[in-house]
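Chemist: What follows is the file protein.tsv, containing TSV, C-alpha atoms and all ligand atoms:
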```tsv
chain	number	residue	atom	x	y	z
A	1	MET	CA	7.70	21.34	-22.38
A	2	TYR	CA	9.39	18.72	-20.19
A	3	TYR	CA	8.60	17.05	-16.90
A	4	ILE	CA	10.91	15.68	-14.22
A	5	GLY	CA	9.94	12.54	-12.32
A	6	VAL	CA	11.72	11.32	-9.22
A	7	ASP	CA	11.50	7.88	-7.66
A	8	LEU	CA	12.74	8.50	-4.12
A	9	GLY	CA	13.42	5.06	-2.67
A	10	GLY	CA	15.00	3.86	0.53
A	11	THR	CA	18.12	2.78	-1.40
A	12	ASN	CA	18.23	4.89	-4.58
A	13	ILE	CA	17.02	8.18	-5.96
A	14	ALA	CA	16.15	7.74	-9.65
A	15	VAL	CA	15.39	10.82	-11.73
A	16	GLY	CA	13.98	10.91	-15.25
A	17	LEU	CA	13.40	13.70	-17.75
A	18	VAL	CA	10.09	13.00	-19.46
A	19	ASP	CA	8.84	14.54	-22.68
A	20	GLU	CA	5.28	15.31	-23.82
A	21	ASN	CA	4.95	11.79	-25.27
A	22	TYR	CA	5.54	10.26	-21.82
A	23	GLN	CA	8.99	9.01	-22.83
A	24	ILE	CA	11.89	9.08	-20.39
A	25	ILE	CA	14.56	10.77	-22.52
A	26	GLU	CA	17.27	11.16	-19.87
A	27	SER	CA	17.81	9.49	-16.53
A	28	VAL	CA	20.28	9.59	-13.67
A	29	SER	CA	20.38	8.05	-10.22
A	30	GLY	CA	22.29	8.18	-6.97
A	31	PRO	CA	22.24	6.52	-3.55
A	32	THR	CA	19.70	7.79	-1.01
A	33	LYS	CA	21.92	7.08	2.01
A	34	ARG	CA	18.82	7.39	4.12
A	35	GLU	CA	20.70	7.71	7.40
A	36	ARG	CA	21.34	11.32	6.36
A	37	SER	CA	19.13	14.31	7.16
A	38	SER	CA	16.22	15.04	4.83
A	39	GLU	CA	17.90	18.33	3.83
A	40	GLU	CA	21.00	16.49	2.60
A	41	ILE	CA	18.96	13.86	0.75
A	42	LEU	CA	16.80	16.49	-0.96
A	43	LYS	CA	19.83	18.58	-1.90
A	44	ASP	CA	21.18	15.53	-3.74
A	45	MET	CA	17.80	15.03	-5.36
A	46	ALA	CA	17.82	18.61	-6.63
A	47	SER	CA	21.35	18.08	-8.03
A	48	LEU	CA	20.16	14.99	-9.91
A	49	CYS	CA	17.24	17.00	-11.33
A	50	LYS	CA	19.71	19.67	-12.50
A	51	GLU	CA	21.83	16.95	-14.05
A	52	VAL	CA	19.04	15.67	-16.32
A	53	MET	CA	18.22	19.26	-17.30
A	54	ASP	CA	21.88	19.98	-18.13
A	55	LYS	CA	22.04	16.89	-20.34
A	56	ARG	CA	19.57	18.60	-22.67
A	57	ASN	CA	20.66	22.19	-21.95
A	58	LEU	CA	17.28	22.96	-20.41
A	59	SER	CA	16.46	25.81	-18.03
A	60	GLU	CA	13.65	26.17	-15.47
A	61	LYS	CA	11.36	27.69	-18.07
A	62	ASP	CA	11.45	24.44	-20.07
A	63	ILE	CA	10.29	22.40	-17.06
A	64	HIS	CA	6.56	22.19	-16.34
A	65	SER	CA	7.08	20.72	-12.87
A	66	ILE	CA	8.96	18.19	-10.76
A	67	GLY	CA	7.03	15.26	-9.30
A	68	VAL	CA	8.38	13.07	-6.54
A	69	GLY	CA	7.16	9.55	-5.74
A	70	SER	CA	7.99	8.41	-2.25
A	71	PRO	CA	7.13	5.51	0.03
A	72	GLY	CA	4.68	6.53	2.73
A	73	ILE	CA	1.99	9.19	2.89
A	74	ALA	CA	2.27	12.53	1.13
A	75	SER	CA	0.22	15.69	0.65
A	76	PRO	CA	0.65	16.14	-3.13
A	77	LYS	CA	-0.11	19.82	-3.70
A	78	GLU	CA	1.60	21.02	-0.54
A	79	GLY	CA	4.61	18.93	-1.56
A	80	ILE	CA	5.02	17.45	1.91
A	81	ILE	CA	5.94	13.88	2.82
A	82	LEU	CA	3.78	13.50	5.91
A	83	PHE	CA	5.26	10.22	7.02
A	84	SER	CA	7.62	7.68	5.53
A	85	ASN	CA	8.80	4.84	7.70
A	86	ASN	CA	11.13	3.71	4.93
A	87	LEU	CA	12.92	7.07	4.63
A	88	GLY	CA	12.58	8.12	8.27
A	89	PHE	CA	10.74	11.29	7.11
A	90	ASP	CA	8.18	13.01	9.30
A	91	HIS	CA	6.49	16.07	7.80
A	92	VAL	CA	9.28	16.92	5.39
A	93	ASN	CA	8.54	19.80	3.01
A	94	VAL	CA	10.05	18.50	-0.22
A	95	LYS	CA	8.67	21.37	-2.27
A	96	ASN	CA	10.39	24.09	-0.18
A	97	GLU	CA	13.70	22.23	-0.18
A	98	ILE	CA	13.75	21.60	-3.95
A	99	GLN	CA	12.66	25.16	-4.72
A	100	LYS	CA	15.76	26.44	-2.88
A	101	TYR	CA	17.70	25.09	-5.87
A	102	ILE	CA	15.23	24.91	-8.76
A	103	PRO	CA	12.34	27.41	-8.91
A	104	VAL	CA	9.60	25.26	-10.49
A	105	ASP	CA	6.38	23.68	-9.21
A	106	VAL	CA	6.96	20.56	-7.09
A	107	TYR	CA	4.46	17.82	-6.25
A	108	VAL	CA	4.83	14.75	-4.05
A	109	GLU	CA	2.81	11.55	-4.08
A	110	ASN	CA	2.98	8.00	-2.74
A	111	ASP	CA	5.15	5.86	-5.03
A	112	ALA	CA	2.53	3.16	-5.70
A	113	ASN	CA	0.07	5.89	-6.71
A	114	CYS	CA	2.66	7.33	-9.11
A	115	ALA	CA	3.21	3.89	-10.67
A	116	ALA	CA	-0.55	3.51	-11.11
A	117	LEU	CA	-0.77	6.86	-12.86
A	118	GLY	CA	2.11	5.90	-15.15
A	119	GLU	CA	0.41	2.67	-16.23
A	120	VAL	CA	-2.78	4.61	-16.96
A	121	LEU	CA	-1.04	7.38	-18.91
A	122	CYS	CA	1.05	5.21	-21.19
A	123	GLY	CA	1.22	1.61	-19.97
A	124	ALA	CA	-1.05	-1.42	-19.58
A	125	ALA	CA	-4.15	0.65	-18.81
A	126	LYS	CA	-3.65	3.42	-21.36
A	127	GLY	CA	-6.96	5.02	-22.23
A	128	GLU	CA	-8.82	3.56	-19.23
A	129	LYS	CA	-10.38	5.99	-16.74
A	130	ASN	CA	-11.01	3.88	-13.65
A	131	VAL	CA	-8.13	1.59	-12.82
A	132	VAL	CA	-6.59	-0.12	-9.82
A	133	VAL	CA	-2.92	-1.07	-9.99
A	134	VAL	CA	-1.65	-3.65	-7.51
A	135	THR	CA	2.09	-4.18	-7.28
A	136	LEU	CA	3.12	-7.58	-5.96
A	137	GLY	CA	6.55	-7.05	-4.44
A	138	THR	CA	7.98	-7.23	-0.94
A	139	GLY	CA	4.47	-6.29	0.11
A	140	ILE	CA	1.51	-5.29	-2.05
A	141	GLY	CA	1.29	-1.69	-3.17
A	142	GLY	CA	-1.98	-0.30	-4.42
A	143	GLY	CA	-2.90	2.72	-6.51
A	144	ILE	CA	-6.44	3.76	-7.31
A	145	ILE	CA	-7.17	5.90	-10.36
A	146	ILE	CA	-10.65	7.34	-10.70
A	147	ASP	CA	-11.59	9.37	-13.75
A	148	GLY	CA	-7.93	9.53	-14.78
A	149	LYS	CA	-6.76	10.94	-11.44
A	150	ILE	CA	-5.13	9.41	-8.39
A	151	TYR	CA	-7.65	8.83	-5.63
A	152	GLY	CA	-5.65	9.66	-2.50
A	153	GLY	CA	-8.49	9.37	0.00
A	154	SER	CA	-9.64	11.98	2.51
A	155	PHE	CA	-6.35	12.00	4.39
A	156	PHE	CA	-3.88	10.82	1.70
A	157	GLY	CA	-3.78	7.19	2.88
A	158	ALA	CA	-6.01	5.44	0.32
A	159	GLY	CA	-4.93	2.50	-1.80
A	160	GLU	CA	-3.49	0.28	0.94
A	161	ILE	CA	-5.15	-2.73	-0.60
A	162	GLY	CA	-2.38	-5.04	0.60
A	163	HIS	CA	-3.65	-4.56	4.11
A	164	THR	CA	-7.17	-5.81	3.55
A	165	VAL	CA	-7.66	-9.04	5.47
A	166	ILE	CA	-8.42	-12.23	3.56
A	167	GLN	CA	-7.86	-14.69	6.44
A	168	MET	CA	-9.44	-13.84	9.79
A	169	THR	CA	-8.89	-17.19	11.50
A	170	ASP	CA	-5.22	-17.90	12.23
A	171	GLY	CA	-4.15	-15.29	9.71
A	172	LEU	CA	-0.44	-14.58	9.28
A	173	ALA	CA	0.87	-11.62	11.25
A	174	CYS	CA	1.45	-8.50	9.14
A	175	SER	CA	3.84	-5.56	9.63
A	176	CYS	CA	0.80	-3.28	9.82
A	177	GLY	CA	-0.35	-4.91	13.04
A	178	ARG	CA	-3.29	-6.88	11.63
A	179	LYS	CA	-3.41	-10.58	10.93
A	180	GLY	CA	-4.27	-12.26	7.63
A	181	CYS	CA	-3.57	-9.30	5.33
A	182	TRP	CA	-3.67	-9.97	1.57
A	183	GLU	CA	0.02	-9.14	1.19
A	184	GLN	CA	0.96	-11.95	3.56
A	185	TYR	CA	-0.44	-14.38	0.95
A	186	ALA	CA	-0.19	-12.74	-2.46
A	187	SER	CA	3.02	-10.65	-2.41
A	188	ALA	CA	6.13	-11.92	-4.21
A	189	THR	CA	7.66	-12.38	-0.75
A	190	ALA	CA	4.80	-14.71	0.19
A	191	LEU	CA	5.22	-16.81	-2.95
A	192	ILE	CA	8.95	-17.19	-2.34
A	193	ARG	CA	8.40	-18.05	1.33
A	194	ASP	CA	5.84	-20.72	0.41
A	195	ALA	CA	8.05	-22.07	-2.39
A	196	LYS	CA	11.01	-22.56	-0.04
A	197	GLU	CA	8.72	-24.38	2.38
A	198	ALA	CA	7.30	-26.56	-0.43
A	199	ALA	CA	10.81	-27.37	-1.67
A	200	LYS	CA	11.74	-28.58	1.79
A	201	ASN	CA	8.69	-30.86	1.94
A	202	HIS	CA	9.09	-32.08	-1.65
A	203	PRO	CA	12.80	-32.58	-2.33
A	204	GLU	CA	11.84	-34.45	-5.51
A	205	SER	CA	10.38	-31.29	-7.05
A	206	LYS	CA	12.29	-29.22	-9.61
A	207	LEU	CA	12.18	-26.13	-7.40
A	208	ILE	CA	15.62	-26.70	-5.89
A	209	ALA	CA	17.12	-28.21	-9.06
A	210	MET	CA	16.13	-25.09	-11.04
A	211	ALA	CA	17.30	-22.57	-8.45
A	212	LYS	CA	20.71	-20.95	-8.89
A	213	ASN	CA	23.48	-23.27	-7.67
A	214	GLN	CA	20.71	-25.77	-6.78
A	215	ASP	CA	20.36	-23.88	-3.52
A	216	ALA	CA	16.87	-23.64	-2.03
A	217	GLN	CA	17.75	-20.19	-0.71
A	218	ASN	CA	17.92	-18.98	-4.34
A	219	ILE	CA	14.36	-19.95	-5.19
A	220	ASN	CA	12.60	-16.88	-6.57
A	221	ALA	CA	9.26	-16.27	-8.26
A	222	LYS	CA	10.69	-16.97	-11.73
A	223	VAL	CA	11.97	-20.38	-10.60
A	224	VAL	CA	8.47	-21.30	-9.48
A	225	PHE	CA	6.94	-20.27	-12.83
A	226	ASP	CA	9.71	-22.03	-14.77
A	227	ALA	CA	9.29	-25.27	-12.78
A	228	ALA	CA	5.52	-25.15	-13.31
A	229	GLN	CA	6.07	-24.77	-17.06
A	230	GLU	CA	8.09	-27.96	-16.91
A	231	GLU	CA	5.08	-29.65	-15.34
A	232	ASP	CA	6.55	-29.87	-11.86
A	233	GLU	CA	3.57	-30.85	-9.68
A	234	THR	CA	4.76	-29.07	-6.53
A	235	ALA	CA	5.32	-25.82	-8.41
A	236	LYS	CA	1.98	-26.12	-10.21
A	237	GLU	CA	0.11	-26.70	-6.98
A	238	LEU	CA	1.92	-23.84	-5.32
A	239	LEU	CA	1.15	-21.42	-8.15
A	240	ASN	CA	-2.44	-22.50	-8.32
A	241	ARG	CA	-2.93	-21.62	-4.68
A	242	TYR	CA	-1.01	-18.36	-5.21
A	243	PHE	CA	-3.25	-17.38	-8.14
A	244	ARG	CA	-6.29	-18.01	-5.93
A	245	TYR	CA	-4.84	-15.70	-3.27
A	246	ILE	CA	-4.25	-13.00	-5.89
A	247	ALA	CA	-7.75	-13.52	-7.28
A	248	CYS	CA	-9.28	-13.21	-3.80
A	249	GLY	CA	-7.84	-9.72	-3.32
A	250	VAL	CA	-8.54	-8.66	-6.90
A	251	THR	CA	-12.17	-9.72	-6.50
A	252	ASN	CA	-12.40	-7.61	-3.33
A	253	VAL	CA	-11.09	-4.64	-5.30
A	254	ILE	CA	-13.57	-5.24	-8.13
A	255	ASN	CA	-16.48	-5.65	-5.72
A	256	ALA	CA	-15.61	-2.38	-4.00
A	257	LEU	CA	-14.72	-0.18	-6.97
A	258	GLU	CA	-15.62	-1.92	-10.24
A	259	PRO	CA	-12.70	-0.49	-12.24
A	260	SER	CA	-12.56	-1.13	-15.98
A	261	ALA	CA	-9.05	-2.55	-15.53
A	262	VAL	CA	-6.94	-4.06	-12.77
A	263	VAL	CA	-3.23	-3.96	-13.54
A	264	ILE	CA	-0.87	-6.33	-11.76
A	265	GLY	CA	2.65	-4.98	-11.40
A	266	GLY	CA	5.92	-6.05	-9.79
A	267	GLY	CA	8.61	-8.38	-11.10
A	268	ILE	CA	5.99	-11.10	-11.47
A	269	SER	CA	4.17	-9.13	-14.18
A	270	ALA	CA	6.88	-10.37	-16.57
A	271	GLN	CA	4.92	-13.66	-16.59
A	272	LYS	CA	2.12	-11.87	-18.48
A	273	GLU	CA	-0.67	-14.29	-19.47
A	274	TYR	CA	0.77	-17.10	-17.33
A	275	LEU	CA	-0.25	-14.84	-14.46
A	276	THR	CA	-3.30	-12.96	-15.74
A	277	GLU	CA	-5.10	-15.87	-17.40
A	278	PRO	CA	-5.50	-18.08	-14.28
A	279	VAL	CA	-6.15	-15.05	-12.05
A	280	THR	CA	-8.90	-13.88	-14.43
A	281	ARG	CA	-10.42	-17.37	-14.38
A	282	TYR	CA	-10.51	-17.47	-10.57
A	283	VAL	CA	-11.87	-13.95	-10.29
A	284	GLN	CA	-14.65	-14.91	-12.70
A	285	GLU	CA	-15.48	-17.88	-10.43
A	286	GLU	CA	-15.77	-15.54	-7.44
A	287	MET	CA	-17.76	-12.81	-9.14
A	288	TYR	CA	-20.72	-11.44	-7.23
A	289	GLY	CA	-23.83	-13.43	-8.02
A	290	GLY	CA	-22.02	-15.23	-10.83
A	291	LEU	CA	-22.13	-12.06	-12.94
A	292	GLN	CA	-19.95	-11.87	-16.02
A	293	LEU	CA	-16.55	-10.33	-15.23
A	294	LYS	CA	-16.15	-7.19	-17.32
A	295	THR	CA	-13.03	-5.78	-15.68
A	296	ILE	CA	-9.89	-6.54	-17.67
A	297	ILE	CA	-7.00	-7.96	-15.66
A	298	LYS	CA	-3.65	-7.10	-17.22
A	299	ALA	CA	0.04	-7.29	-16.45
A	300	ALA	CA	1.87	-3.98	-16.00
A	301	THR	CA	4.08	-3.04	-18.94
A	302	LEU	CA	6.29	-0.18	-17.74
A	303	GLY	CA	8.27	-1.83	-14.94
A	304	ASN	CA	10.24	0.66	-12.85
A	305	ASP	CA	9.60	3.43	-15.38
A	306	ALA	CA	5.93	3.62	-14.31
A	307	GLY	CA	6.80	5.38	-11.06
A	308	ILE	CA	9.03	7.96	-12.73
A	309	ILE	CA	6.59	8.73	-15.55
A	310	GLY	CA	3.65	8.92	-13.15
A	311	ALA	CA	5.57	11.21	-10.79
A	312	ALA	CA	6.68	13.43	-13.66
A	313	LEU	CA	3.11	13.95	-14.85
A	314	LEU	CA	1.61	14.53	-11.38
A	315	GLY	CA	1.43	18.25	-12.00
A	316	THR	CA	-0.83	17.77	-15.02
A	317	THR	CA	-3.44	15.61	-13.27
A	318	LEU	CA	-3.84	17.00	-9.74
B	1	ZN	ZN	-1.24	-5.62	6.91
```
Turn this file's structure into structure tokens for me.
Ligand SMILES: [Zn+2]

Modeler:
Amino acid sequence: MYYIGVDLGGTNIAVGLVDENYQIIESVSGPTKRERSSEEILKDMASLCKEVMDKRNLSEKDIHSIGVGSPGIASPKEGIILFSNNLGFDHVNVKNEIQKYIPVDVYVENDANCAALGEVLCGAAKGEKNVVVVTLGTGIGGGIIIDGKIYGGSFFGAGEIGHTVIQMTDGLACSCGRKGCWEQYASATALIRDAKEAAKNHPESKLIAMAKNQDAQNINAKVVFDAAQEEDETAKELLNRYFRYIACGVTNVINALEPSAVVIGGGISAQKEYLTEPVTRYVQEEMYGGLQLKTIIKAATLGNDAGIIGAALLGTTL
């Protein structure tokens, strides 16, 4: 039996054929061109699904189900994207559209939740039952897994951990309408913003020298980590503060849910222990009543594949 996972993004539609060992054995992708109608976008998605099936000469009877990960809020079993700002979708029935072309079961889930499920099935948190995955990217995505299943909340909106406030007084304005949200301080975007500011104030630091073309505009998260490794004081100070911001939100998550593992995803997870070791140390410092931290804090291991694998296996865990 095979599973099809779709990562429906604002820019690209990525489709993977996944086998029973959670391996992506075929993949294809195409542009979303999100200015189009949902019918046109989903027709393309169905064609991409057919394409991965054709690559292995598979028919509908070989496919357990198709799972779609999408930004926004979705009703998984009904197969409906209730709202996606990113795609401009409002109550779009993905299941009905896909089934016009491929008669198999179709499920839809928030993309961060799919990535969390992927990491639990075969990534950093394999074998763990209660896990929270936080993805530090443009914002902060969150996925909560309880007893091996995605916890979607009562109305499908759970897991928005990035929008928990960590700074009430003079907090930075957030796209969600609140001020001081965690993602304004601990997302990759926040680190890059702060690094560019620090580079301006400390022209002697290695941040600019190590950026591509020695242009401050090219400072990214990797430049900050690389400069810190070379003992650049500005970068070290910057990262230290950044780790504390991450730890603040992770501690909130642990205090609320006490998962056995917290997985940190996003491009920054490539830093592995350079990220998880200091964050773990700061979380330990902030633990409730000084209790011993038992939750393991790990870097994600699947990268972009997590979302596709998690989406593909949705039908087996709902
Ligand atoms: Zn917010």

Chemist: Could you pull the residues within 12 Å of A:Gly307, counting all atoms listed in the file, minus those fewer than 5 positions along the same chain, as a PyMOL selection string?

Modeler: chain A and resi 4-9+13-16+18+22+24+67-71+108-123+133+135+141+143+265-266+300-302+312-314

Chemist: Report as a tab-separated table the residues of chain A within 10 Å of ligand ZN 1 (chain B), each with its shortest atom pair and distance in Å (one decimal), using only C-alpha atoms and all ligand atoms, ordered by chain and increasing residue number.

Modeler:
```
residue	atom	partner	partner_atom	distance
A:Gly139	CA	B:ZN1	ZN	8.9
A:Ile140	CA	B:ZN1	ZN	9.4
A:Glu160	CA	B:ZN1	ZN	8.7
A:Ile161	CA	B:ZN1	ZN	8.9
A:Gly162	CA	B:ZN1	ZN	6.4
A:His163	CA	B:ZN1	ZN	3.8
A:Thr164	CA	B:ZN1	ZN	6.8
A:Val165	CA	B:ZN1	ZN	7.4
A:Leu172	CA	B:ZN1	ZN	9.3
A:Ala173	CA	B:ZN1	ZN	7.7
A:Cys174	CA	B:ZN1	ZN	4.5
A:Ser175	CA	B:ZN1	ZN	5.8
A:Cys176	CA	B:ZN1	ZN	4.3
A:Gly177	CA	B:ZN1	ZN	6.2
A:Arg178	CA	B:ZN1	ZN	5.3
A:Lys179	CA	B:ZN1	ZN	6.7
A:Gly180	CA	B:ZN1	ZN	7.3
A:Cys181	CA	B:ZN1	ZN	4.6
A:Trp182	CA	B:ZN1	ZN	7.3
A:Glu183	CA	B:ZN1	ZN	6.8
A:Gln184	CA	B:ZN1	ZN	7.5
```

Chemist: Could you tell me how far atom CA of A:Gly153 lies from atom CA of A:Val253, in Å and to one decimal?

Modeler: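 The value is 15.2 Å.
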
Chemist: As JSON, numbers by chain, please: the residues near A:Ile81 (cut-off 8 Å, only C-alpha atoms, same-chain neighbours under 5 positions excluded).

Modeler: {"A": [70, 72, 73, 74, 75, 89, 90, 91, 92, 93, 94, 108, 109]}

Chemist: If I take atom CA of A:Leu17 and atom CA of A:Ile309, how far is one from the other in Å, to one decimal?

Modeler: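 Here the two named atoms are 8.7 Å from each other.
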
Chemist: Between atom CA of A:Leu239 and atom CA of A:Asp305, measure the distance and give it in Å to one decimal.

Modeler: 27.2 Å

Chemist: Could you list, as a ChimeraX atom specification, every residue within 8 Å of A:Leu42, counting only C-alpha atoms and ignoring same-chain residues fewer than 4 positions away?

Modeler: /A:38,46,94,97-98

Chemist: Next, the residues of the selection above should be written as a PDB file, keeping the file's coordinate frame with C-alpha atoms.

Modeler:
```pdb
ATOM      1  CA  SER A  38      16.220  15.040   4.830  1.00  0.00           C
ATOM      2  CA  ALA A  46      17.820  18.610  -6.630  1.00  0.00           C
ATOM      3  CA  VAL A  94      10.050  18.500  -0.220  1.00  0.00           C
ATOM      4  CA  GLU A  97      13.700  22.230  -0.180  1.00  0.00           C
ATOM      5  CA  ILE A  98      13.750  21.600  -3.950  1.00  0.00           C
TER       6      ILE A  98
END
```

Chemist: Find the residues near A:Lys298: any atom within 7 Å, counting all atoms listed in the file, skip ones fewer than 4 places away on the same chain, and give them as a ChimeraX atom specification.

Modeler: /A:124,262-264,276

Chemist: Taking only C-alpha atoms into account, name the residue in A:Asn85, A:Ser65, A:Ser205, A:Ser59 that is nearest to A:Asp105.

Modeler: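 Using only C-alpha atoms, the shortest distance to A:Asp105 belongs to A:Ser65.
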
Chemist: Take every atom of stretch 167-177 of chain A listed in the file, fit an axis-aligned box around them, add 3 Å per side, and give the centre and edge lengths in Å to one decimal as JSON.

Modeler:
```
{"center_x": -2.8, "center_y": -10.6, "center_z": 9.7, "size_x": 19.3, "size_y": 20.6, "size_z": 12.6}
```

Chemist: May I ask which of the residues A:Glu40, A:Thr316, A:Asn213, A:Gly137 is the closest one to A:His64, counting only C-alpha atoms?

Modeler: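 Nearest candidate to A:His64 out of A:Glu40, A:Thr316, A:Asn213, A:Gly137: A:Thr316.
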
Chemist: Could you give me, as a ChimeraX atom specification, the residues that sit within 8 Å of (-5.4, 9.9, -13.8) in the file's coordinates, counting only C-alpha atoms?

Modeler: /A:117,120-121,129,145-150,317

Chemist: Extract, using only C-alpha atoms, all DNA, RNA and protein residues at most 12 Å from A:Gln214, discarding same-chain residues fewer than 4 positions from it, and format them as a PDB file with C-alpha atoms, keeping the file's coordinate frame.

Modeler:
```pdb
ATOM      1  CA  ALA A 199      10.810 -27.370  -1.670  1.00  0.00           C
ATOM      2  CA  PRO A 203      12.800 -32.580  -2.330  1.00  0.00           C
ATOM      3  CA  SER A 205      10.380 -31.290  -7.050  1.00  0.00           C
ATOM      4  CA  LYS A 206      12.290 -29.220  -9.610  1.00  0.00           C
ATOM      5  CA  LEU A 207      12.180 -26.130  -7.400  1.00  0.00           C
ATOM      6  CA  ILE A 208      15.620 -26.700  -5.890  1.00  0.00           C
ATOM      7  CA  ALA A 209      17.120 -28.210  -9.060  1.00  0.00           C
ATOM      8  CA  MET A 210      16.130 -25.090 -11.040  1.00  0.00           C
ATOM      9  CA  ASN A 218      17.920 -18.980  -4.340  1.00  0.00           C
ATOM     10  CA  ILE A 219      14.360 -19.950  -5.190  1.00  0.00           C
ATOM     11  CA  VAL A 223      11.970 -20.380 -10.600  1.00  0.00           C
TER      12      VAL A 223
END
```

Chemist: Counting only C-alpha atoms, which of A:Ile297, A:Phe243, A:Tyr3, A:Ile192 gets nearest to A:Asp62?

Modeler: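 Checking each of A:Ile297, A:Phe243, A:Tyr3, A:Ile192 against A:Asp62, counting only C-alpha atoms, the winner is A:Tyr3.
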
Chemist: Ranking A:Val106, A:Ala125, A:Ala227, A:Leu87 by minimum distance to A:Arg36 and counting only C-alpha atoms, which one comes first?

Modeler: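 For A:Arg36, the nearest of the given residues is A:Leu87.
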
Chemist: With distances taken over all atoms listed in the file, which residue among A:Ile63, A:Glu286, A:Ile308, A:Ile144 lies nearest A:Cys248?

Modeler: A:Glu286

Chemist: Just checking: using all atoms listed in the file, which residue out of A:Gly127, A:Glu285, A:Tyr151, A:Ala247 ends up closest to A:Ala261?

Modeler: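 The closest residue to A:Ala261 is A:Gly127.
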